[in-house]
$ cat coords-v1.csv   # CSV, C-alpha atoms and all ligand atoms
chain,number,residue,atom,x,y,z
A,1,MET,CA,112.9,-29.8,-12.5
A,2,LYS,CA,115.1,-29.1,-9.5
A,3,GLN,CA,115.6,-31.7,-6.9
A,4,LYS,CA,114.7,-30.5,-3.4
A,5,PRO,CA,117.7,-30.8,-1.2
A,6,PRO,CA,117.1,-32.5,2.2
A,7,LEU,CA,118.5,-29.7,4.2
A,8,VAL,CA,119.0,-26.0,3.4
A,9,ALA,CA,121.3,-23.8,5.4
A,10,LEU,CA,119.9,-20.7,7.0
A,11,GLY,CA,122.0,-18.4,4.9
A,12,THR,CA,120.9,-20.1,1.7
A,13,LEU,CA,117.3,-19.8,2.8
A,14,ILE,CA,117.6,-16.1,3.4
A,15,GLY,CA,119.5,-15.6,0.2
A,16,ARG,CA,116.8,-17.4,-1.6
A,17,GLU,CA,114.0,-15.3,-0.1
A,18,LEU,CA,115.9,-12.1,-0.9
A,19,ARG,CA,116.0,-13.1,-4.5
A,20,ASN,CA,112.3,-13.6,-4.3
A,21,GLU,CA,112.4,-17.2,-5.1
A,22,LYS,CA,109.7,-19.5,-3.9
A,23,VAL,CA,110.5,-20.6,-0.3
A,24,GLU,CA,108.9,-23.5,1.4
A,25,LYS,CA,105.9,-22.6,3.4
A,26,PRO,CA,106.5,-22.9,7.1
A,27,THR,CA,105.1,-25.7,9.2
A,28,ILE,CA,102.4,-24.6,11.7
A,29,LYS,CA,102.2,-26.3,15.1
A,30,TYR,CA,99.6,-25.3,17.6
A,31,ALA,CA,98.0,-26.1,20.9
A,32,GLN,CA,95.5,-24.6,23.3
A,33,ALA,CA,95.0,-24.8,27.0
A,34,GLY,CA,92.6,-23.1,29.4
A,35,LEU,CA,90.3,-23.3,32.3
A,36,ALA,CA,86.8,-22.0,32.3
A,37,ARG,CA,85.1,-20.1,35.1
A,38,LYS,CA,82.1,-18.7,33.2
A,39,GLY,CA,82.4,-20.7,30.0
A,40,GLU,CA,82.5,-17.7,27.7
A,41,ASP,CA,85.9,-18.1,26.1
A,42,TYR,CA,86.1,-19.8,22.7
A,43,VAL,CA,88.9,-20.7,20.4
A,44,LEU,CA,88.8,-21.1,16.6
A,45,ILE,CA,91.4,-23.3,15.0
A,46,LYS,CA,91.3,-23.8,11.2
A,47,PRO,CA,94.8,-24.9,10.1
A,48,ASP,CA,93.8,-26.0,6.6
A,49,CYS,CA,91.9,-23.2,4.8
A,50,GLN,CA,92.4,-22.7,1.0
A,51,ARG,CA,92.2,-19.4,-0.8
A,52,VAL,CA,91.4,-21.2,-4.0
A,53,HIS,CA,89.2,-24.1,-3.3
A,54,GLY,CA,90.9,-27.4,-4.2
A,55,ASP,CA,94.4,-25.9,-4.6
A,56,PRO,CA,96.6,-26.8,-1.6
A,57,SER,CA,99.3,-24.3,-2.7
A,58,THR,CA,96.9,-21.5,-1.7
A,59,SER,CA,96.5,-22.8,1.9
A,60,PHE,CA,96.4,-20.6,4.9
A,61,SER,CA,95.6,-21.0,8.6
A,62,VAL,CA,93.2,-19.2,10.9
A,63,PHE,CA,93.3,-19.0,14.7
A,64,ALA,CA,91.2,-16.9,17.0
A,65,VAL,CA,90.4,-16.4,20.6
A,66,LEU,CA,87.0,-15.0,21.6
A,67,ASP,CA,86.2,-13.9,25.1
A,68,GLY,CA,82.4,-13.4,25.5
A,69,HIS,CA,80.6,-11.4,28.1
A,70,ASN,CA,77.0,-11.3,29.2
A,71,GLY,CA,76.5,-14.7,27.8
A,72,ASN,CA,78.2,-16.8,25.1
A,73,SER,CA,76.1,-16.3,22.1
A,74,ALA,CA,78.1,-13.4,20.5
A,75,ALA,CA,81.3,-15.5,20.9
A,76,ILE,CA,79.7,-18.6,19.3
A,77,TYR,CA,78.1,-16.6,16.5
A,78,THR,CA,81.4,-14.9,15.7
A,79,LYS,CA,83.3,-18.1,15.8
A,80,GLU,CA,81.0,-19.6,13.3
A,81,ASN,CA,80.5,-16.7,10.9
A,82,LEU,CA,83.4,-14.3,11.0
A,83,LEU,CA,85.8,-16.2,8.7
A,84,ASN,CA,83.2,-16.6,6.0
A,85,ASN,CA,82.2,-12.9,6.3
A,86,VAL,CA,85.8,-11.9,5.8
A,87,LEU,CA,86.4,-14.2,2.8
A,88,SER,CA,83.1,-13.1,1.2
A,89,VAL,CA,84.6,-9.6,0.7
A,90,VAL,CA,87.7,-10.7,-1.1
A,91,PRO,CA,87.3,-11.3,-4.8
A,92,GLN,CA,87.9,-15.0,-5.8
A,93,ASP,CA,90.3,-14.6,-8.7
A,94,ILE,CA,93.2,-12.7,-7.2
A,95,GLY,CA,96.7,-13.8,-6.6
A,96,ARG,CA,98.5,-14.2,-3.3
A,97,GLU,CA,100.0,-10.7,-3.1
A,98,GLU,CA,96.7,-9.1,-3.9
A,99,TRP,CA,94.9,-11.3,-1.3
A,100,LEU,CA,97.4,-10.3,1.4
A,101,ASN,CA,97.0,-6.6,0.5
A,102,ALA,CA,93.2,-7.0,0.5
A,103,LEU,CA,93.1,-8.7,3.9
A,104,PRO,CA,93.3,-5.6,6.2
A,105,ARG,CA,90.2,-4.1,4.6
A,106,ALA,CA,88.4,-7.4,4.2
A,107,LEU,CA,88.9,-8.0,7.9
A,108,VAL,CA,87.3,-4.6,8.8
A,109,ALA,CA,84.3,-5.3,6.5
A,110,GLY,CA,84.0,-8.9,7.9
A,111,PHE,CA,84.0,-7.7,11.5
A,112,VAL,CA,81.4,-5.0,10.8
A,113,LYS,CA,79.2,-7.4,8.9
A,114,THR,CA,79.4,-10.0,11.6
A,115,ASP,CA,78.4,-7.4,14.2
A,116,ASN,CA,75.5,-6.2,12.1
A,117,GLU,CA,74.1,-9.6,11.5
A,118,PHE,CA,74.6,-10.8,15.1
A,119,GLN,CA,72.6,-7.7,16.3
A,120,LYS,CA,69.7,-8.8,14.2
A,121,GLU,CA,69.5,-11.9,16.4
A,122,GLY,CA,68.4,-9.7,19.3
A,123,GLU,CA,70.9,-11.0,21.8
A,124,THR,CA,72.6,-8.7,24.2
A,125,SER,CA,75.9,-10.5,24.7
A,126,GLY,CA,79.2,-9.4,23.3
A,127,THR,CA,82.7,-10.7,22.6
A,128,THR,CA,86.3,-9.8,22.1
A,129,VAL,CA,87.8,-11.2,19.0
A,130,THR,CA,91.5,-11.7,18.2
A,131,PHE,CA,91.6,-13.2,14.8
A,132,VAL,CA,94.9,-14.4,13.2
A,133,ILE,CA,95.4,-15.3,9.5
A,134,ILE,CA,98.8,-17.0,8.7
A,135,ASP,CA,99.7,-17.3,5.1
A,136,GLY,CA,103.3,-18.4,4.5
A,137,TRP,CA,105.4,-16.1,6.7
A,138,THR,CA,102.8,-13.3,6.7
A,139,VAL,CA,100.7,-13.0,9.8
A,140,THR,CA,97.7,-10.7,9.8
A,141,VAL,CA,96.0,-10.0,13.1
A,142,ALA,CA,92.6,-8.2,13.6
A,143,SER,CA,91.3,-7.6,17.0
A,144,VAL,CA,88.6,-5.9,19.1
A,145,GLY,CA,88.7,-6.0,22.9
A,146,ASP,CA,91.5,-7.1,25.1
A,147,SER,CA,92.5,-10.6,24.0
A,148,ARG,CA,96.0,-10.0,23.1
A,149,CYS,CA,98.2,-11.6,20.5
A,150,ILE,CA,102.0,-11.5,21.1
A,151,LEU,CA,104.8,-12.5,18.8
A,152,GLU,CA,108.1,-13.9,19.8
A,153,THR,CA,110.7,-14.2,17.1
A,154,GLN,CA,114.0,-16.0,17.1
A,155,GLY,CA,116.3,-14.3,19.5
A,156,GLY,CA,113.6,-13.7,22.1
A,157,GLU,CA,112.2,-10.5,20.7
A,158,VAL,CA,108.6,-10.1,22.0
A,159,SER,CA,106.2,-7.7,20.4
A,160,LEU,CA,102.5,-7.0,20.7
A,161,LEU,CA,100.4,-7.5,17.6
A,162,THR,CA,97.1,-6.2,19.1
A,163,VAL,CA,96.0,-3.0,21.0
A,164,ASP,CA,94.0,-3.3,24.2
A,165,HIS,CA,90.6,-1.7,23.6
A,166,ARG,CA,90.1,-1.1,27.3
A,167,LEU,CA,88.8,2.2,28.6
A,168,GLU,CA,91.0,2.0,31.7
A,169,GLU,CA,94.3,1.9,29.7
A,170,ASN,CA,93.5,3.3,26.3
A,171,VAL,CA,93.3,7.1,26.4
A,172,LYS,CA,92.6,7.5,22.7
A,173,GLU,CA,89.6,5.2,22.9
A,174,ARG,CA,88.4,7.1,25.9
A,175,GLU,CA,88.5,10.3,23.9
A,176,ARG,CA,86.8,8.7,21.0
A,177,VAL,CA,83.9,7.3,23.1
A,178,THR,CA,83.4,10.7,24.8
A,179,ALA,CA,83.5,12.5,21.5
A,180,SER,CA,80.8,10.2,20.2
A,181,GLY,CA,78.5,11.0,23.0
A,182,GLY,CA,79.3,8.2,25.5
A,183,GLU,CA,80.2,8.8,29.2
A,184,VAL,CA,83.2,7.2,30.8
A,185,GLY,CA,83.4,6.6,34.5
A,186,ARG,CA,83.5,4.1,37.3
A,187,LEU,CA,80.7,2.4,39.0
A,188,ASN,CA,79.2,4.5,41.8
A,189,VAL,CA,78.4,2.5,44.9
A,190,TYR,CA,76.4,4.2,47.7
A,191,GLY,CA,76.9,7.5,46.1
A,192,GLY,CA,80.6,7.4,47.1
A,193,SER,CA,83.6,7.5,44.9
A,194,GLY,CA,83.7,5.2,41.9
A,195,VAL,CA,85.0,1.7,42.1
A,196,GLY,CA,86.4,-0.8,39.6
A,197,PRO,CA,87.7,-0.1,36.1
A,198,LEU,CA,86.6,2.7,33.9
A,199,ARG,CA,83.4,1.8,32.0
A,200,CYS,CA,81.4,3.6,29.4
A,201,TRP,CA,77.7,4.5,29.8
A,202,PRO,CA,75.1,3.6,28.8
A,203,GLY,CA,75.9,-0.1,29.1
A,204,GLY,CA,78.8,-0.1,31.6
A,205,LEU,CA,81.2,-2.0,29.4
A,206,CYS,CA,85.0,-1.8,30.2
A,207,LEU,CA,85.8,-2.4,26.6
A,208,SER,CA,85.6,0.2,23.8
A,209,ARG,CA,85.3,-2.2,21.0
A,210,SER,CA,83.6,-5.6,20.6
A,211,ILE,CA,81.3,-7.6,18.5
A,212,GLY,CA,77.7,-7.7,19.8
A,213,ASP,CA,76.7,-5.6,22.8
A,214,MET,CA,73.5,-4.2,21.3
A,215,ASP,CA,72.4,-2.8,24.6
A,216,VAL,CA,75.4,-0.4,24.9
A,217,GLY,CA,76.0,2.8,23.0
A,218,ASP,CA,76.9,2.8,19.2
A,219,PHE,CA,80.3,4.1,20.1
A,220,ILE,CA,81.3,0.5,21.1
A,221,VAL,CA,82.4,-0.4,17.6
A,222,PRO,CA,83.3,-3.6,15.9
A,223,ILE,CA,86.1,-2.0,13.8
A,224,PRO,CA,89.3,-4.0,14.5
A,225,HIS,CA,92.8,-2.9,15.0
A,226,VAL,CA,94.7,-4.7,12.2
A,227,LYS,CA,98.4,-5.4,12.0
A,228,GLN,CA,100.2,-7.4,9.3
A,229,VAL,CA,103.8,-8.5,9.6
A,230,LYS,CA,106.1,-10.7,7.7
A,231,LEU,CA,108.3,-13.0,9.7
A,232,SER,CA,111.8,-13.9,8.5
A,233,ASN,CA,112.0,-17.5,7.6
A,234,ALA,CA,113.5,-18.2,11.0
A,235,GLY,CA,109.9,-18.3,12.1
A,236,GLY,CA,108.3,-17.3,15.4
A,237,ARG,CA,105.7,-18.1,18.0
A,238,LEU,CA,102.3,-16.5,18.6
A,239,ILE,CA,100.6,-16.5,21.9
A,240,ILE,CA,96.9,-15.6,21.6
A,241,ALA,CA,95.1,-15.4,24.9
A,242,SER,CA,92.1,-14.0,26.8
A,243,ASP,CA,92.5,-11.4,29.6
A,244,GLY,CA,92.6,-14.2,32.2
A,245,ILE,CA,96.2,-14.6,31.1
A,246,TRP,CA,97.1,-11.0,30.5
A,247,ASP,CA,95.7,-9.8,33.8
A,248,SER,CA,98.5,-11.7,35.5
A,249,LEU,CA,101.3,-12.0,33.0
A,250,SER,CA,103.1,-9.4,30.9
A,251,SER,CA,103.9,-10.3,27.3
A,252,ASP,CA,107.5,-11.0,28.2
A,253,MET,CA,106.5,-13.2,31.1
A,254,ALA,CA,104.2,-15.2,29.0
A,255,ALA,CA,106.8,-15.7,26.2
A,256,GLN,CA,109.5,-16.4,28.7
A,257,CYS,CA,107.8,-19.1,30.8
A,258,CYS,CA,107.4,-21.4,27.8
A,259,ARG,CA,110.4,-20.4,25.7
A,260,GLY,CA,112.0,-23.3,23.7
A,261,LEU,CA,109.2,-25.7,24.6
A,262,PRO,CA,106.8,-27.4,22.1
A,263,ALA,CA,103.4,-25.7,21.6
A,264,GLU,CA,101.5,-28.2,23.6
A,265,LEU,CA,103.5,-27.9,26.7
A,266,ALA,CA,103.9,-24.1,26.2
A,267,ALA,CA,100.1,-23.5,26.2
A,268,LYS,CA,99.7,-25.4,29.4
A,269,LEU,CA,102.6,-23.7,31.1
A,270,VAL,CA,101.3,-20.2,30.2
A,271,VAL,CA,98.0,-21.0,31.8
A,272,LYS,CA,99.6,-22.6,34.8
A,273,GLU,CA,101.9,-19.6,35.3
A,274,ALA,CA,98.9,-17.2,35.0
A,275,LEU,CA,96.9,-19.1,37.6
A,276,ARG,CA,99.8,-19.5,40.0
A,277,SER,CA,99.8,-15.8,40.8
A,278,ARG,CA,96.2,-15.0,40.7
A,279,GLY,CA,94.1,-18.1,40.8
A,280,LEU,CA,91.1,-18.7,38.5
A,281,LYS,CA,89.4,-15.3,38.5
A,282,ASP,CA,88.1,-15.4,35.0
A,283,ASP,CA,88.0,-17.6,31.9
A,284,THR,CA,91.6,-18.3,31.0
A,285,THR,CA,92.4,-19.4,27.5
A,286,CYS,CA,95.7,-19.6,25.7
A,287,LEU,CA,96.5,-20.6,22.2
A,288,VAL,CA,100.1,-21.1,21.1
A,289,VAL,CA,100.9,-21.2,17.4
A,290,ASP,CA,104.5,-21.9,16.2
A,291,ILE,CA,105.5,-20.9,12.7
A,292,ILE,CA,108.4,-23.1,12.0
A,293,PRO,CA,110.7,-23.4,9.0
A,294,SER,CA,109.8,-26.7,7.3
A,295,ASP,CA,113.4,-27.7,7.0
A,296,HIS,CA,113.9,-27.4,10.7
A,297,PRO,CA,110.6,-28.5,12.3
A,298,VAL,CA,111.5,-27.4,15.8
A,299,LEU,CA,111.9,-24.0,17.3
A,300,PRO,CA,115.5,-24.1,18.4
A,301,PRO,CA,116.4,-22.2,21.5
A,302,THR,CA,118.6,-19.6,19.9
A,303,PRO,CA,121.8,-18.1,21.3
A,304,LYS,CA,121.0,-14.5,20.9
A,305,GLU,CA,124.4,-13.0,20.2
A,306,LYS,CA,125.5,-15.5,17.6
A,307,GLN,CA,122.2,-15.1,15.7
A,308,THR,CA,122.5,-11.3,15.7
A,309,LEU,CA,126.1,-11.5,14.5
A,310,LEU,CA,125.2,-13.9,11.7
A,311,SER,CA,122.3,-11.9,10.6
A,312,SER,CA,124.2,-8.6,10.6
A,313,ARG,CA,126.7,-10.2,8.4
A,314,ILE,CA,124.1,-11.6,6.0
A,315,PHE,CA,122.1,-8.4,5.9
A,316,GLY,CA,125.1,-6.1,6.2
A,317,LYS,CA,125.3,-5.6,2.5
A,318,ARG,CA,122.1,-4.5,0.8
A,319,PHE,CA,120.9,-7.1,-1.5
A,320,GLU,CA,120.9,-6.4,-5.2
A,321,ASN,CA,117.2,-7.0,-5.6
A,322,PRO,CA,115.4,-4.3,-7.5
A,323,ILE,CA,112.0,-5.7,-6.7
A,324,ASN,CA,112.6,-5.2,-3.0
A,325,LYS,CA,111.1,-1.8,-2.8
A,326,SER,CA,110.5,0.0,0.5
A,327,SER,CA,110.5,-3.0,2.7
A,328,LYS,CA,112.6,-2.6,5.9
A,329,LEU,CA,113.9,-6.1,6.1
A,330,SER,CA,116.1,-6.4,9.1
A,331,ALA,CA,117.9,-9.1,11.1
A,332,VAL,CA,117.0,-12.7,11.2
A,333,GLY,CA,114.2,-13.2,13.7
A,334,ALA,CA,113.2,-9.6,13.2
A,335,VAL,CA,109.9,-8.7,11.6
A,336,GLU,CA,108.9,-6.7,8.6
A,337,GLU,CA,105.9,-4.5,9.4
A,338,LEU,CA,103.6,-4.5,6.4
A,339,PHE,CA,100.5,-2.8,7.7
A,340,GLU,CA,99.1,-1.3,10.9
A,341,GLU,CA,95.9,0.7,11.4
A,342,GLY,CA,93.5,1.1,14.3
A,343,SER,CA,91.2,4.0,13.4
A,344,ALA,CA,87.5,3.5,14.3
A,345,ILE,CA,86.4,5.5,11.3
A,346,LEU,CA,85.0,3.1,8.8
A,347,ALA,CA,85.6,5.4,5.8
A,348,GLU,CA,89.3,5.6,6.7
A,349,ARG,CA,89.5,1.8,7.0
A,350,LEU,CA,87.8,0.8,3.8
A,351,GLY,CA,89.8,3.5,1.9
A,352,LYS,CA,89.3,5.5,-1.2
A,353,ASP,CA,90.5,2.8,-3.6
A,354,PHE,CA,88.6,-0.1,-2.2
A,355,LEU,CA,87.3,-1.3,-5.5
A,356,LEU,CA,84.4,-3.6,-5.4
A,357,SER,CA,83.2,-5.4,-8.3
A,358,SER,CA,80.7,-8.2,-8.5
A,359,ASN,CA,80.5,-10.7,-11.3
A,360,SER,CA,77.0,-9.7,-12.1
A,361,GLY,CA,78.2,-6.1,-12.7
A,362,LEU,CA,76.0,-4.9,-9.9
A,363,LEU,CA,77.3,-2.8,-7.0
A,364,LYS,CA,77.5,-4.3,-3.6
A,365,CYS,CA,77.6,-2.8,-0.1
A,366,ALA,CA,81.2,-2.8,1.0
A,367,VAL,CA,80.2,-4.2,4.4
A,368,CYS,CA,77.3,-6.5,4.1
A,369,GLN,CA,77.7,-7.4,0.4
A,370,VAL,CA,74.0,-6.7,-0.3
A,371,GLU,CA,73.5,-5.7,-3.9
A,372,LEU,CA,72.7,-2.1,-4.3
A,373,PRO,CA,70.1,-0.7,-6.6
A,374,PRO,CA,71.7,1.3,-9.5
A,375,THR,CA,71.5,5.0,-9.1
A,376,GLU,CA,69.2,6.5,-11.6
A,377,GLY,CA,70.9,7.7,-14.7
A,378,SER,CA,74.4,6.5,-13.7
A,379,PRO,CA,76.0,3.6,-15.5
A,380,ILE,CA,76.5,0.5,-13.5
A,381,LYS,CA,80.1,-0.1,-13.0
A,382,PRO,CA,82.5,-0.6,-10.1
A,383,VAL,CA,83.0,2.7,-8.3
A,384,SER,CA,85.7,3.4,-5.8
A,385,LEU,CA,84.6,4.2,-2.4
A,386,TYR,CA,84.0,7.9,-1.8
A,387,SER,CA,85.3,8.8,-5.2
A,388,ARG,CA,82.5,11.2,-6.1
A,389,ALA,CA,82.0,12.1,-2.5
A,390,SER,CA,80.7,15.3,-1.2
A,391,LYS,CA,78.4,13.4,1.0
A,392,PRO,CA,80.2,10.1,1.7
A,393,CYS,CA,77.3,7.8,1.8
A,394,GLU,CA,75.9,8.8,-1.5
A,395,ALA,CA,79.0,7.9,-3.3
A,396,THR,CA,80.2,5.0,-1.3
A,397,LEU,CA,79.1,1.5,-1.7
A,398,LEU,CA,77.3,1.2,1.6
A,399,CYS,CA,73.7,0.2,1.8
A,400,ALA,CA,71.3,2.4,3.7
A,401,ASN,CA,71.5,0.2,6.8
A,402,CYS,CA,75.3,0.1,6.9
A,403,CYS,CA,75.4,3.8,6.3
A,404,LYS,CA,73.1,4.5,9.2
A,405,LYS,CA,75.2,2.2,11.4
A,406,LYS,CA,78.4,3.9,10.3
A,407,ASP,CA,77.0,7.3,11.3
A,408,ALA,CA,75.9,6.0,14.6
A,409,MET,CA,79.4,4.6,15.3
A,410,GLU,CA,80.9,7.9,14.6
A,411,GLY,CA,78.5,9.6,17.0
A,412,LYS,CA,76.4,11.3,14.3
A,413,ARG,CA,72.8,11.4,15.2
A,414,PRO,CA,70.1,11.2,12.4
A,415,PRO,CA,68.8,14.7,11.7
A,416,ALA,CA,65.3,13.7,12.7
A,417,VAL,CA,66.4,13.5,16.3
A,418,ALA,CA,67.1,17.2,16.5
A,419,ALA,CA,64.1,18.7,18.2
B,1,ZN,ZN,75.4,-2.9,3.9
$ encode --input "coords-v1.csv" --output "structure tokens" --more "lines below"
Ligand SMILES: [Zn+2]
Amino acid sequence: MKQKPPLVALGTLIGRELRNEKVEKPTIKYAQAGLARKGEDYVLIKPDCQRVHGDPSTSFSVFAVLDGHNGNSAAIYTKENLLNNVLSVVPQDIGREEWLNALPRALVAGFVKTDNEFQKEGETSGTTVTFVIIDGWTVTVASVGDSRCILETQGGEVSLLTVDHRLEENVKERERVTASGGEVGRLNVYGGSGVGPLRCWPGGLCLSRSIGDMDVGDFIVPIPHVKQVKLSNAGGRLIIASDGIWDSLSSDMAAQCCRGLPAELAAKLVVKEALRSRGLKDDTTCLVVDIIPSDHPVLPPTPKEKQTLLSSRIFGKRFENPINKSSKLSAVGAVEELFEEGSAILAERLGKDFLLSSNSGLLKCAVCQVELPPTEGSPIKPVSLYSRASKPCEATLLCANCCKKKDAMEGKRPPAVAA
């Protein structure tokens, strides 16, 4: 057995990772800060989850910010149920790589399932969700609404891991809503010109995606934008926050005002900075998560030029690793993009090869996990989604309810409605 050295040089660490050796998991440090105005912002912090129950080597962390509207019940319900709904979709007996690959689709199914089940409660509130899973150096973010997650890597590079589902700014979403039968416009006051941000009608919501909101059109969908990235083992910082922050600070401003400071102080400073310019107009919540090399348990303020030089030297020659297929590994502090998809079409998100098997050999709905009755005459075995598809729902593993919901989200009316 090898002795673990007390300190490993950066170059060694990188070399080790390139040779696909097992590298220490990062240390996760986090803190939240915020001020409530309506009391509809919530934070989920679960730093010690395990993929395989009882096996600490399969640990991962979950962080989320939820910004509720028209009440707080959707935010609370989602906070309590979303993680389980996501995990229930992933088979138990898979390895880490498979689990990371399965996450983007499991997140989609989990969001839709949570929305379906919350709507059965008969509550009208809704919520944004920005849901982050950190496993090793891989960060997977799923989001609906406008609570952003930004990533700052060593060297000060700031990138956005979410997309704002706001009708005012998101042209694509405006087009989708309109195409699905919604109307987009501003509030009309006294018959004059519209005021305030763009909203969609019926409902009058400024967001185009959320969980909950049963009193608005079906075109407000719970299908998340998902992005998965792998950090270099220099680590990075995530700032996840509700729009109370982002309405006054740009991503760069938020990252910059707390750069180099420990998470606890950083979260407070971001909130303070946001309130300084605008005052407390809305619930304002900020969660800072630092993903730090375990060998160097602080985020060092990095001299940019030096780092770039070092990294270009290290990465200058292509490593002789045949396993390292298409990955576009770049400089230290840079990020490898593994996955990004934001389509609101459920079929595209769950994919053709989304194999679902259950231990009992019965088929399950891909979204709600309800067991499906076997089709007459056809053998019971796992079937890939849409594989025999001429009419999608017949071949997919969606139960009748989820299928109806899927059609409604895509703006398809049931045929009976046609007069
Ligand atoms: Zn279902």
$ closest_atom_pairs --input "coords-v1.csv" --of "segment 44-76 of chain A" --to "segment 92-110 of chain A" --cutoff "8 Å" --atoms "all atoms listed in the file" --output "CSV"
residue,atom,partner,partner_atom,distance
A:Arg51,CA,A:Gln92,CA,7.9
A:Val52,CA,A:Gln92,CA,7.3
A:Thr58,CA,A:Arg96,CA,7.6
$ residues_around --input "coords-v1.csv" --residues "Arg176 of chain A" --least-positions-apart "5" --cutoff "10 Å" --atoms "all atoms listed in the file" --output "PDB file with C-alpha atoms, in the coordinates of the input"
ATOM      1  CA  VAL A 171      93.300   7.100  26.400  1.00  0.00           C
ATOM      2  CA  GLY A 181      78.500  11.000  23.000  1.00  0.00           C
ATOM      3  CA  GLY A 182      79.300   8.200  25.500  1.00  0.00           C
ATOM      4  CA  SER A 208      85.600   0.200  23.800  1.00  0.00           C
ATOM      5  CA  PHE A 219      80.300   4.100  20.100  1.00  0.00           C
ATOM      6  CA  ILE A 220      81.300   0.500  21.100  1.00  0.00           C
ATOM      7  CA  SER A 343      91.200   4.000  13.400  1.00  0.00           C
ATOM      8  CA  ALA A 344      87.500   3.500  14.300  1.00  0.00           C
ATOM      9  CA  GLU A 410      80.900   7.900  14.600  1.00  0.00           C
ATOM     10  CA  GLY A 411      78.500   9.600  17.000  1.00  0.00           C
TER      11      GLY A 411
END
$ closest_residue --input "coords-v1.csv" --among "A:Ile150, A:Val141, A:Leu346, A:Leu83" --to "Cys286 of chain A" --atoms "only C-alpha atoms"
A:Ile150
$ atom_distance --input "coords-v1.csv" --atom1 "atom CA of Gly122 of chain A" --atom2 "atom CA of Ala408 of chain A"
18.0 Å
$ closest_atom_pairs --input "coords-v1.csv" --of "chain A" --to "ligand ZN 1 (chain B)" --cutoff "9 Å" --atoms "only C-alpha atoms and all ligand atoms" --output "Markdown table"
| residue | atom | partner | partner_atom | distance |
| --- | --- | --- | --- | --- |
| A:Lys113 | CA | B:ZN1 | ZN | 7.7 |
| A:Asn116 | CA | B:ZN1 | ZN | 8.8 |
| A:Lys364 | CA | B:ZN1 | ZN | 7.9 |
| A:Cys365 | CA | B:ZN1 | ZN | 4.6 |
| A:Ala366 | CA | B:ZN1 | ZN | 6.5 |
| A:Val367 | CA | B:ZN1 | ZN | 5.0 |
| A:Cys368 | CA | B:ZN1 | ZN | 4.1 |
| A:Gln369 | CA | B:ZN1 | ZN | 6.1 |
| A:Val370 | CA | B:ZN1 | ZN | 5.8 |
| A:Glu371 | CA | B:ZN1 | ZN | 8.5 |
| A:Leu372 | CA | B:ZN1 | ZN | 8.7 |
| A:Leu397 | CA | B:ZN1 | ZN | 8.0 |
| A:Leu398 | CA | B:ZN1 | ZN | 5.1 |
| A:Cys399 | CA | B:ZN1 | ZN | 4.1 |
| A:Ala400 | CA | B:ZN1 | ZN | 6.7 |
| A:Asn401 | CA | B:ZN1 | ZN | 5.8 |
| A:Cys402 | CA | B:ZN1 | ZN | 4.2 |
| A:Cys403 | CA | B:ZN1 | ZN | 7.1 |
$ atom_distance --input "coords-v1.csv" --atom1 "atom CA of Gly217 of chain A" --atom2 "atom CA of Glu80 of chain A"
24.9 Å
$ closest_residue --input "coords-v1.csv" --among "A:Pro262, A:Gly196, A:Gly126, A:Gly155" --to "Ala75 of chain A" --atoms "all atoms listed in the file"
A:Gly126
$ closest_residue --input "coords-v1.csv" --among "A:Leu280, A:Ala234, A:Leu207, A:Leu287" --to "Glu24 of chain A" --atoms "all atoms listed in the file"
A:Ala234
$ atom_distance --input "coords-v1.csv" --atom1 "atom CA of Gln119 of chain A" --atom2 "atom CA of Asp164 of chain A"
23.2 Å
$ closest_residue --input "coords-v1.csv" --among "A:Ile28, A:Leu66, A:Val89, A:Ala334" --to "Asp48 of chain A" --atoms "all atoms listed in the file"
A:Ile28
$ residues_around --input "coords-v1.csv" --residues "Lys272 of chain A" --least-positions-apart "5" --cutoff "12 Å" --atoms "only C-alpha atoms" --output "ChimeraX atom specification"
/A:33-35,244-245,248-249,254,257-258,265-267,277-280,284-286
$ residues_around --input "coords-v1.csv" --residues "Ile134 of chain A" --least-positions-apart "2" --cutoff "8 Å" --atoms "only C-alpha atoms" --output "VMD selection string"
chain A and resid 60 to 62 132 136 to 140
